[in-house]
Amino acid sequence: MDSTLLEEIPSLDLADFRSGDPERKQRFVQQLGDAYQSIGFVALRNHGLTEEQTTQLYADVKSFFSLPDEVKQSYENPALAGQRGYIGKGKEHAKGRNTGDLKEFYHVGQEVDDANDPIKNEYPDNIWPKEVPSFHQTTLTTYKTLEAAGKDVLRAIALYLNLPESYFDDKVRNGNSILRPIHYFPIEKPDAVPADAVRAAEHGDINLITLLMGASADGLQVLRRDGKWIAITALPDQIVVNVGDMLQRLTNGVLRSTIHRVVNPPREKMNSSRFSVPFFMHPRSEMSLAALESCVTPENPKQEADITAGEFLNERLIELGLKKK
Ligand SMILES: O=C(O)CCC(=O)C(=O)O
Ligand SMILES: [Fe+2]
């Protein structure tokens, strides 16, 4: 295990991996893998999203969340266990907690174009808000761009783990990934919310990797191994890419799903909004998360029982309060 304690998350350039220059590519693989063995997070530029796309996405996301609660709630369907459409204020809580987070969000899922892929029947249809007609197009464009970036990050991870570069390709094809625009809403009366309520309580992400837009705004922190919380500092043209629990499980803890949180602003700024858009990259439900043989050694014995991605997700949705047993 890498024992370095970093003061900030490393910055990488996806253009190095995509360059076709073997040296640049190998350097990217090494830096990414080293970061994922220590802090679990990197900041990444040249991810493929243009400034215009990002601006349009935020405009649409802001338009949607500024609709009245009753309108937003008409896009909420509890039968879908929060997997599509709107999820209202305070509905989700971190694993092991009961107090809901101070956020509302919207889930856009995989659109399967291939009629021959039976996985099409596993996914509920997306829900589109008619009040913001361009939301459909802008969120799907973002989905596809981040999915393509995520595939390359997984290729780099595969190389780092001495697996074939294409190891994850078929596992994430038409995978169960989710784009989640989040609104951390203004708090008019800080005394009226539960004392322990926060924007996003500390948690690890469920999925293989997360690609996060908008983390440059204040509030996101990661828990370093020595117990110190480190603020994330990403530039406007960077996204943040971190390891989730599924990848940690697959690698028997070699790659680290680092605990992170979004803290509340100081009391005088509680009255302001924060927006972010994570893309949670999931594989197909049938992918096995059984520890890779190469990651099980006498010094690092197998830590967890075998499980599929679908079973693991199901357990978590119950623990997060989004799905009934
Ligand atoms: O809003 C952020 O910056 C992070 C959100 C997050 O960690 C999550 O939704 O899993
Ligand atoms: Fe997260």
# chains A, B, ... in the order shown; residues from 1 in each chain; ligands from 1
call {"tool": "residues_near_ligand", "arguments": {"ligand": "ligand 1", "cutoff": "7 Å", "atoms": "only C-alpha atoms and all ligand atoms", "output": "PyMOL selection string"}}
result
chain A and resi 182+200+205+212+214-215+220+260-262+275-278
call {"tool": "write_last_selection", "arguments": {"atoms": "N, CA and C atoms", "output": "compact mmCIF listing (two decimals), in the first residue's frame"}}
result
# COMPACT_ATOMS: atom_id res chain seq x y z
N ILE A 182 -27.55 17.45 -8.49
CA ILE A 182 -27.95 17.67 -7.09
C ILE A 182 -28.11 19.16 -6.81
N ALA A 200 -24.27 16.62 2.63
CA ALA A 200 -24.11 15.18 2.34
C ALA A 200 -23.22 14.59 3.42
N ASP A 205 -19.00 6.02 -2.15
CA ASP A 205 -19.94 5.82 -3.26
C ASP A 205 -20.10 4.31 -3.53
N LEU A 212 -17.33 13.45 -11.10
CA LEU A 212 -18.10 14.50 -10.44
C LEU A 212 -17.82 15.87 -11.05
N GLY A 214 -18.49 19.94 -10.85
CA GLY A 214 -18.96 21.01 -9.98
C GLY A 214 -18.42 20.94 -8.56
N ALA A 215 -17.43 20.09 -8.36
CA ALA A 215 -16.89 19.95 -7.02
C ALA A 215 -16.02 21.14 -6.63
N LEU A 220 -16.90 20.15 -0.53
CA LEU A 220 -16.55 18.73 -0.64
C LEU A 220 -15.21 18.46 0.06
N HIS A 260 -16.10 10.51 1.88
CA HIS A 260 -16.15 11.96 1.61
C HIS A 260 -17.48 12.52 2.06
N ARG A 261 -17.58 13.84 2.09
CA ARG A 261 -18.81 14.49 2.58
C ARG A 261 -18.90 15.89 1.99
N VAL A 262 -20.09 16.48 2.08
CA VAL A 262 -20.25 17.89 1.71
C VAL A 262 -20.73 18.62 2.96
N PHE A 275 -24.76 23.52 -6.34
CA PHE A 275 -25.14 22.52 -7.35
C PHE A 275 -23.93 21.65 -7.67
N SER A 276 -24.16 20.38 -7.89
CA SER A 276 -23.10 19.51 -8.40
C SER A 276 -23.76 18.41 -9.22
N VAL A 277 -22.97 17.77 -10.08
CA VAL A 277 -23.53 16.70 -10.93
C VAL A 277 -22.58 15.51 -10.96
N PRO A 278 -22.77 14.54 -10.05
CA PRO A 278 -21.98 13.31 -10.15
C PRO A 278 -22.55 12.34 -11.18
call {"tool": "select_by_dssp", "arguments": {"residues": "stretch 60-163 of chain A", "states": "strand (DSSP E)", "output": "JSON, numbers by chain"}}
result
{"A": [85, 86, 87, 104, 105, 106, 107, 108, 109]}
call {"tool": "closest_residue", "arguments": {"among": "A:Leu211, A:Val243, A:Ala81, A:Leu235", "to": "A:Asn314", "atoms": "only C-alpha atoms"}}
result
A:Ala81
call {"tool": "closest_residue", "arguments": {"among": "A:Glu122, A:Glu319, A:Asp169, A:Asp237", "to": "A:Ser285", "atoms": "only C-alpha atoms"}}
result
A:Glu122
call {"tool": "select_by_dssp", "arguments": {"residues": "stretch 96-284 of chain A", "states": "helix (DSSP H, G or I)", "output": "JSON, numbers by chain"}}
result
{"A": [118, 119, 120, 121, 122, 135, 136, 137, 138, 139, 140, 141, 142, 143, 144, 145, 146, 147, 148, 149, 150, 151, 152, 153, 154, 155, 156, 157, 158, 159, 160, 169, 170, 171, 172, 190, 191, 192, 245, 246, 247, 248, 249, 250, 267, 268, 269]}
call {"tool": "atom_distance", "arguments": {"atom1": "atom CA of A:Lys72", "atom2": "atom CA of A:Phe185"}}
result
13.6 Å
call {"tool": "residues_around", "arguments": {"residues": "A:Asn174", "least_positions_apart": "6", "cutoff": "10 Å", "atoms": "only C-alpha atoms", "output": "list of chain:residue names"}}
result
A:Gln110, A:Glu111, A:Val112, A:Asp113, A:Asp114, A:Asp117, A:Ile119, A:Lys120, A:Glu147, A:His282, A:Pro283, A:Arg284
call {"tool": "write_last_selection", "arguments": {"atoms": "N, CA and C atoms", "output": "mmCIF file, in the first residue's frame"}}
result
data_model
loop_
_atom_site.group_PDB
_atom_site.id
_atom_site.type_symbol
_atom_site.label_atom_id
_atom_site.label_comp_id
_atom_site.auth_asym_id
_atom_site.auth_seq_id
_atom_site.Cartn_x
_atom_site.Cartn_y
_atom_site.Cartn_z
ATOM 1 N N GLN A 110 -29.512 4.858 -17.752
ATOM 2 C CA GLN A 110 -29.039 4.358 -19.057
ATOM 3 C C GLN A 110 -30.189 4.254 -20.055
ATOM 4 N N GLU A 111 -29.943 4.728 -21.271
ATOM 5 C CA GLU A 111 -30.886 4.531 -22.380
ATOM 6 C C GLU A 111 -30.271 3.455 -23.268
ATOM 7 N N VAL A 112 -30.878 2.293 -23.324
ATOM 8 C CA VAL A 112 -30.312 1.180 -24.099
ATOM 9 C C VAL A 112 -30.862 1.229 -25.524
ATOM 10 N N ASP A 113 -29.972 1.523 -26.485
ATOM 11 C CA ASP A 113 -30.413 1.611 -27.885
ATOM 12 C C ASP A 113 -30.462 0.239 -28.550
ATOM 13 N N ASP A 114 -29.632 -0.679 -28.037
ATOM 14 C CA ASP A 114 -29.511 -2.002 -28.645
ATOM 15 C C ASP A 114 -30.694 -2.890 -28.234
ATOM 16 N N ASP A 117 -30.132 -6.330 -26.596
ATOM 17 C CA ASP A 117 -29.537 -6.516 -25.271
ATOM 18 C C ASP A 117 -30.661 -6.662 -24.250
ATOM 19 N N ILE A 119 -30.760 -6.550 -21.245
ATOM 20 C CA ILE A 119 -30.674 -5.688 -20.061
ATOM 21 C C ILE A 119 -31.647 -4.507 -20.170
ATOM 22 N N LYS A 120 -32.073 -4.216 -21.394
ATOM 23 C CA LYS A 120 -33.059 -3.152 -21.624
ATOM 24 C C LYS A 120 -34.266 -3.300 -20.692
ATOM 25 N N GLU A 147 -19.698 8.950 -19.526
ATOM 26 C CA GLU A 147 -19.578 7.489 -19.648
ATOM 27 C C GLU A 147 -18.342 7.131 -20.488
ATOM 28 N N HIS A 282 -21.755 2.510 -13.028
ATOM 29 C CA HIS A 282 -22.071 1.150 -12.566
ATOM 30 C C HIS A 282 -21.851 0.171 -13.708
ATOM 31 N N PRO A 283 -21.517 -1.079 -13.363
ATOM 32 C CA PRO A 283 -21.482 -2.118 -14.391
ATOM 33 C C PRO A 283 -22.882 -2.678 -14.603
ATOM 34 N N ARG A 284 -22.975 -3.650 -15.452
ATOM 35 C CA ARG A 284 -24.200 -4.439 -15.581
ATOM 36 C C ARG A 284 -24.396 -5.213 -14.273
#
call {"tool": "residues_around", "arguments": {"residues": "stretch 44-51 of chain A", "least_positions_apart": "5", "cutoff": "10 Å", "atoms": "only C-alpha atoms", "output": "NGL selection string"}}
result
:A and (10-16 or 18 or 32 or 56-57 or 141-142 or 144-146 or 148-150 or 152-153 or 211-213 or 234-241)
call {"tool": "write_last_selection", "arguments": {"atoms": "N, CA and C atoms", "output": "compact mmCIF listing (two decimals), in the first residue's frame"}}
result
# COMPACT_ATOMS: atom_id res chain seq x y z
N PRO A 10 -4.28 14.59 -6.53
CA PRO A 10 -3.45 14.78 -7.72
C PRO A 10 -4.29 15.20 -8.93
N SER A 11 -3.67 15.99 -9.83
CA SER A 11 -4.32 16.42 -11.08
C SER A 11 -3.78 15.61 -12.24
N LEU A 12 -4.67 15.06 -13.05
CA LEU A 12 -4.27 14.28 -14.23
C LEU A 12 -4.95 14.82 -15.48
N ASP A 13 -4.40 14.41 -16.63
CA ASP A 13 -4.91 14.89 -17.90
C ASP A 13 -5.31 13.67 -18.74
N LEU A 14 -6.60 13.53 -19.03
CA LEU A 14 -7.07 12.36 -19.77
C LEU A 14 -6.48 12.33 -21.19
N ALA A 15 -6.08 13.52 -21.69
CA ALA A 15 -5.44 13.57 -23.02
C ALA A 15 -4.15 12.75 -23.04
N ASP A 16 -3.49 12.61 -21.89
CA ASP A 16 -2.28 11.77 -21.84
C ASP A 16 -2.64 10.32 -22.15
N ARG A 18 -5.26 9.28 -23.77
CA ARG A 18 -5.84 9.15 -25.11
C ARG A 18 -4.85 9.53 -26.21
N LEU A 32 -2.53 7.48 -11.95
CA LEU A 32 -3.91 7.21 -11.54
C LEU A 32 -3.94 6.09 -10.49
N GLN A 56 -24.80 24.95 -20.34
CA GLN A 56 -26.18 24.59 -20.66
C GLN A 56 -26.76 23.62 -19.63
N LEU A 57 -25.93 22.68 -19.22
CA LEU A 57 -26.39 21.70 -18.21
C LEU A 57 -26.77 22.41 -16.92
N THR A 141 -26.59 14.09 -23.10
CA THR A 141 -25.27 14.39 -23.68
C THR A 141 -24.18 14.29 -22.62
N THR A 142 -24.46 14.85 -21.45
CA THR A 142 -23.50 14.78 -20.35
C THR A 142 -23.27 13.33 -19.95
N LYS A 144 -23.51 10.62 -21.76
CA LYS A 144 -22.69 9.90 -22.75
C LYS A 144 -21.22 10.32 -22.69
N THR A 145 -20.99 11.62 -22.50
CA THR A 145 -19.61 12.11 -22.46
C THR A 145 -18.88 11.58 -21.23
N LEU A 146 -19.56 11.63 -20.07
CA LEU A 146 -18.91 11.14 -18.84
C LEU A 146 -18.76 9.62 -18.87
N ALA A 148 -18.13 7.89 -21.56
CA ALA A 148 -16.95 7.64 -22.41
C ALA A 148 -15.65 7.92 -21.63
N ALA A 149 -15.64 8.99 -20.87
CA ALA A 149 -14.45 9.30 -20.05
C ALA A 149 -14.25 8.19 -19.01
N GLY A 150 -15.34 7.75 -18.41
CA GLY A 150 -15.27 6.70 -17.39
C GLY A 150 -14.73 5.39 -17.96
N ASP A 152 -12.57 5.09 -20.32
CA ASP A 152 -11.12 5.22 -20.45
C ASP A 152 -10.43 5.16 -19.09
N VAL A 153 -11.04 5.76 -18.08
CA VAL A 153 -10.45 5.67 -16.73
C VAL A 153 -10.40 4.20 -16.30
N LEU A 211 -17.61 10.15 -11.49
CA LEU A 211 -17.06 11.31 -12.19
C LEU A 211 -17.93 12.49 -11.79
N LEU A 212 -17.33 13.45 -11.10
CA LEU A 212 -18.10 14.50 -10.44
C LEU A 212 -17.82 15.87 -11.05
N MET A 213 -18.90 16.52 -11.54
CA MET A 213 -18.79 17.88 -12.04
C MET A 213 -19.20 18.86 -10.95
N ALA A 234 -10.77 21.52 -7.14
CA ALA A 234 -10.71 21.25 -8.58
C ALA A 234 -10.90 22.57 -9.32
N LEU A 235 -10.21 22.71 -10.44
CA LEU A 235 -10.36 23.91 -11.27
C LEU A 235 -11.65 23.79 -12.09
N PRO A 236 -12.12 24.92 -12.65
CA PRO A 236 -13.39 24.86 -13.40
C PRO A 236 -13.37 23.86 -14.56
N ASP A 237 -12.19 23.64 -15.17
CA ASP A 237 -12.18 22.71 -16.31
C ASP A 237 -11.87 21.27 -15.87
N GLN A 238 -11.87 21.02 -14.58
CA GLN A 238 -11.59 19.66 -14.11
C GLN A 238 -12.84 19.01 -13.54
N ILE A 239 -12.91 17.69 -13.68
CA ILE A 239 -13.89 16.94 -12.90
C ILE A 239 -13.10 16.11 -11.89
N VAL A 240 -13.81 15.62 -10.88
CA VAL A 240 -13.16 14.82 -9.86
C VAL A 240 -13.57 13.37 -10.10
N VAL A 241 -12.60 12.46 -10.09
CA VAL A 241 -12.92 11.05 -10.36
C VAL A 241 -12.42 10.20 -9.20
call {"tool": "closest_residue", "arguments": {"among": "A:Glu202, A:Asp306, A:Glu268, A:Glu92", "to": "ligand 2", "atoms": "only C-alpha atoms and all ligand atoms"}}
result
A:Glu202
call {"tool": "closest_residue", "arguments": {"among": "A:Leu313, A:Leu140, A:Ala231, A:Met281", "to": "A:Arg173", "atoms": "only C-alpha atoms"}}
result
A:Met281
call {"tool": "atom_distance", "arguments": {"atom1": "atom CA of A:Glu7", "atom2": "atom CA of A:Gly204"}}
result
19.8 Å
call {"tool": "closest_residue", "arguments": {"among": "A:Lys324, A:Arg249, A:His136, A:Lys130", "to": "A:Glu304", "atoms": "only C-alpha atoms"}}
result
A:Arg249
call {"tool": "atom_distance", "arguments": {"atom1": "atom CA of A:Pro298", "atom2": "atom CA of A:Tyr36"}}
result
21.4 Å
call {"tool": "residues_around", "arguments": {"residues": "A:Thr258", "least_positions_apart": "4", "cutoff": "9 Å", "atoms": "only C-alpha atoms", "output": "MDAnalysis selection string"}}
result
chainID A and resid 39:41 203:205 222:225 242:245
call {"tool": "write_last_selection", "arguments": {"atoms": "N, CA and C atoms", "output": "compact mmCIF listing (two decimals), in the first residue's frame"}}
result
# COMPACT_ATOMS: atom_id res chain seq x y z
N ILE A 39 -5.11 8.20 -1.89
CA ILE A 39 -6.23 9.07 -1.47
C ILE A 39 -7.56 8.69 -2.13
N GLY A 40 -7.51 7.93 -3.22
CA GLY A 40 -8.76 7.45 -3.83
C GLY A 40 -9.46 8.44 -4.76
N PHE A 41 -8.89 9.66 -4.91
CA PHE A 41 -9.50 10.72 -5.72
C PHE A 41 -8.45 11.35 -6.64
N HIS A 203 -19.72 9.41 3.45
CA HIS A 203 -20.12 8.16 2.79
C HIS A 203 -19.06 7.74 1.78
N GLY A 204 -19.12 6.48 1.37
CA GLY A 204 -18.38 6.00 0.20
C GLY A 204 -19.40 5.81 -0.91
N ASP A 205 -19.00 6.02 -2.15
CA ASP A 205 -19.94 5.82 -3.26
C ASP A 205 -20.10 4.31 -3.53
N VAL A 222 -12.56 15.14 1.57
CA VAL A 222 -12.27 13.69 1.62
C VAL A 222 -11.50 13.37 2.90
N LEU A 223 -11.76 12.18 3.41
CA LEU A 223 -11.14 11.75 4.66
C LEU A 223 -9.83 11.02 4.36
N ARG A 224 -8.73 11.65 4.75
CA ARG A 224 -7.43 11.02 4.52
C ARG A 224 -7.22 9.91 5.54
N ARG A 225 -6.30 8.98 5.20
CA ARG A 225 -6.08 7.81 6.06
C ARG A 225 -5.73 8.15 7.50
N ASN A 242 -13.34 9.47 -8.57
CA ASN A 242 -12.96 8.68 -7.40
C ASN A 242 -13.41 7.23 -7.50
N VAL A 243 -12.75 6.42 -6.70
CA VAL A 243 -13.06 4.98 -6.62
C VAL A 243 -14.30 4.79 -5.74
N GLY A 244 -15.22 3.92 -6.18
CA GLY A 244 -16.38 3.58 -5.36
C GLY A 244 -16.22 2.22 -4.71
N ASP A 245 -17.21 1.86 -3.88
CA ASP A 245 -17.13 0.63 -3.09
C ASP A 245 -17.05 -0.63 -3.96
call {"tool": "closest_residue", "arguments": {"among": "A:Pro124, A:Thr4, A:Leu292, A:Phe280", "to": "A:Tyr167", "atoms": "only C-alpha atoms"}}
result
A:Leu292
call {"tool": "residues_around", "arguments": {"residues": "A:Ala158", "least_positions_apart": "3", "cutoff": "10 Å", "atoms": "only C-alpha atoms", "output": "list of chain:residue names"}}
result
A:Val29, A:Gly33, A:Asp152, A:Val153, A:Leu154, A:Arg155, A:Leu161, A:Asn162, A:Leu163, A:Pro164, A:Glu165, A:Ser166, A:Tyr167, A:Phe168, A:Asp169
call {"tool": "decode", "arguments": {"residues": "stretch 99-202 of chain A", "atoms": "C-alpha atoms", "output": "compact mmCIF listing (two decimals), in the first residue's frame"}}
result
# COMPACT_ATOMS: atom_id res chain seq x y z
CA THR A 99 -31.08 12.09 9.43
CA GLY A 100 -31.71 12.93 5.77
CA ASP A 101 -29.18 14.96 3.78
CA LEU A 102 -29.96 18.63 2.99
CA LYS A 103 -30.31 18.04 -0.75
CA GLU A 104 -32.73 17.21 -3.54
CA PHE A 105 -31.66 15.49 -6.73
CA TYR A 106 -32.69 13.97 -10.04
CA HIS A 107 -31.64 10.64 -11.54
CA VAL A 108 -31.10 10.04 -15.24
CA GLY A 109 -30.35 6.42 -16.15
CA GLN A 110 -29.04 4.36 -19.06
CA GLU A 111 -30.89 4.53 -22.38
CA VAL A 112 -30.31 1.18 -24.10
CA ASP A 113 -30.41 1.61 -27.89
CA ASP A 114 -29.51 -2.00 -28.65
CA ALA A 115 -32.85 -3.83 -28.86
CA ASN A 116 -31.01 -7.17 -28.70
CA ASP A 117 -29.54 -6.52 -25.27
CA PRO A 118 -31.92 -8.09 -22.73
CA ILE A 119 -30.67 -5.69 -20.06
CA LYS A 120 -33.06 -3.15 -21.62
CA ASN A 121 -35.87 -4.80 -19.63
CA GLU A 122 -34.03 -4.36 -16.32
CA TYR A 123 -34.04 -0.57 -16.46
CA PRO A 124 -37.02 1.68 -15.82
CA ASP A 125 -37.67 4.39 -18.41
CA ASN A 126 -36.21 7.82 -17.78
CA ILE A 127 -38.56 10.53 -16.59
CA TRP A 128 -38.34 13.93 -18.32
CA PRO A 129 -39.58 17.22 -16.87
CA LYS A 130 -41.79 18.95 -19.44
CA GLU A 131 -41.25 22.38 -17.85
CA VAL A 132 -37.57 22.29 -18.94
CA PRO A 133 -37.65 20.72 -22.42
CA SER A 134 -33.87 20.83 -23.03
CA PHE A 135 -33.14 18.96 -19.75
CA HIS A 136 -33.61 15.67 -21.66
CA GLN A 137 -30.96 16.43 -24.28
CA THR A 138 -28.42 18.17 -22.07
CA THR A 139 -28.43 15.51 -19.36
CA LEU A 140 -28.16 12.66 -21.90
CA THR A 141 -25.27 14.39 -23.68
CA THR A 142 -23.50 14.78 -20.35
CA TYR A 143 -24.28 11.15 -19.52
CA LYS A 144 -22.69 9.90 -22.75
CA THR A 145 -19.61 12.11 -22.46
CA LEU A 146 -18.91 11.14 -18.84
CA GLU A 147 -19.58 7.49 -19.65
CA ALA A 148 -16.95 7.64 -22.41
CA ALA A 149 -14.45 9.30 -20.05
CA GLY A 150 -15.27 6.70 -17.39
CA LYS A 151 -14.59 3.85 -19.82
CA ASP A 152 -11.12 5.22 -20.45
CA VAL A 153 -10.45 5.67 -16.73
CA LEU A 154 -11.47 2.01 -16.24
CA ARG A 155 -9.12 1.00 -19.07
CA ALA A 156 -6.29 2.76 -17.26
CA ILE A 157 -7.27 1.02 -14.02
CA ALA A 158 -7.31 -2.35 -15.81
CA LEU A 159 -3.76 -1.73 -17.07
CA TYR A 160 -2.63 -0.69 -13.60
CA LEU A 161 -4.01 -3.98 -12.24
CA ASN A 162 -2.19 -5.94 -14.98
CA LEU A 163 -5.48 -6.97 -16.56
CA PRO A 164 -6.21 -6.69 -20.30
CA GLU A 165 -6.97 -3.05 -21.15
CA SER A 166 -10.49 -4.04 -22.24
CA TYR A 167 -11.27 -5.91 -18.99
CA PHE A 168 -14.14 -3.61 -17.97
CA ASP A 169 -15.47 -2.82 -21.46
CA ASP A 170 -18.14 -5.52 -21.73
CA LYS A 171 -18.96 -5.22 -18.02
CA VAL A 172 -19.94 -1.56 -18.32
CA ARG A 173 -21.55 -1.80 -21.79
CA ASN A 174 -25.15 -0.62 -21.24
CA GLY A 175 -24.28 -0.56 -17.52
CA ASN A 176 -26.57 0.69 -14.79
CA SER A 177 -24.88 4.11 -14.47
CA ILE A 178 -26.71 7.14 -13.17
CA LEU A 179 -26.26 10.88 -13.73
CA ARG A 180 -27.34 12.78 -10.60
CA PRO A 181 -27.79 16.56 -10.75
CA ILE A 182 -27.95 17.67 -7.09
CA HIS A 183 -29.30 20.86 -5.53
CA TYR A 184 -28.13 21.59 -2.01
CA PHE A 185 -30.95 23.97 -1.21
CA PRO A 186 -30.73 27.23 0.79
CA ILE A 187 -31.62 26.97 4.46
CA GLU A 188 -33.69 30.00 5.48
CA LYS A 189 -33.92 28.99 9.14
CA PRO A 190 -30.85 27.01 10.24
CA ASP A 191 -32.47 26.34 13.64
CA ALA A 192 -35.39 24.55 12.01
CA VAL A 193 -33.29 21.68 10.58
CA PRO A 194 -32.05 18.75 12.70
CA ALA A 195 -28.82 19.70 14.48
CA ASP A 196 -26.89 16.89 12.82
CA ALA A 197 -28.23 17.48 9.29
CA VAL A 198 -25.58 18.17 6.64
CA ARG A 199 -25.56 18.67 2.88
CA ALA A 200 -24.11 15.18 2.34
CA ALA A 201 -23.07 13.13 5.34
CA GLU A 202 -19.85 11.14 5.10
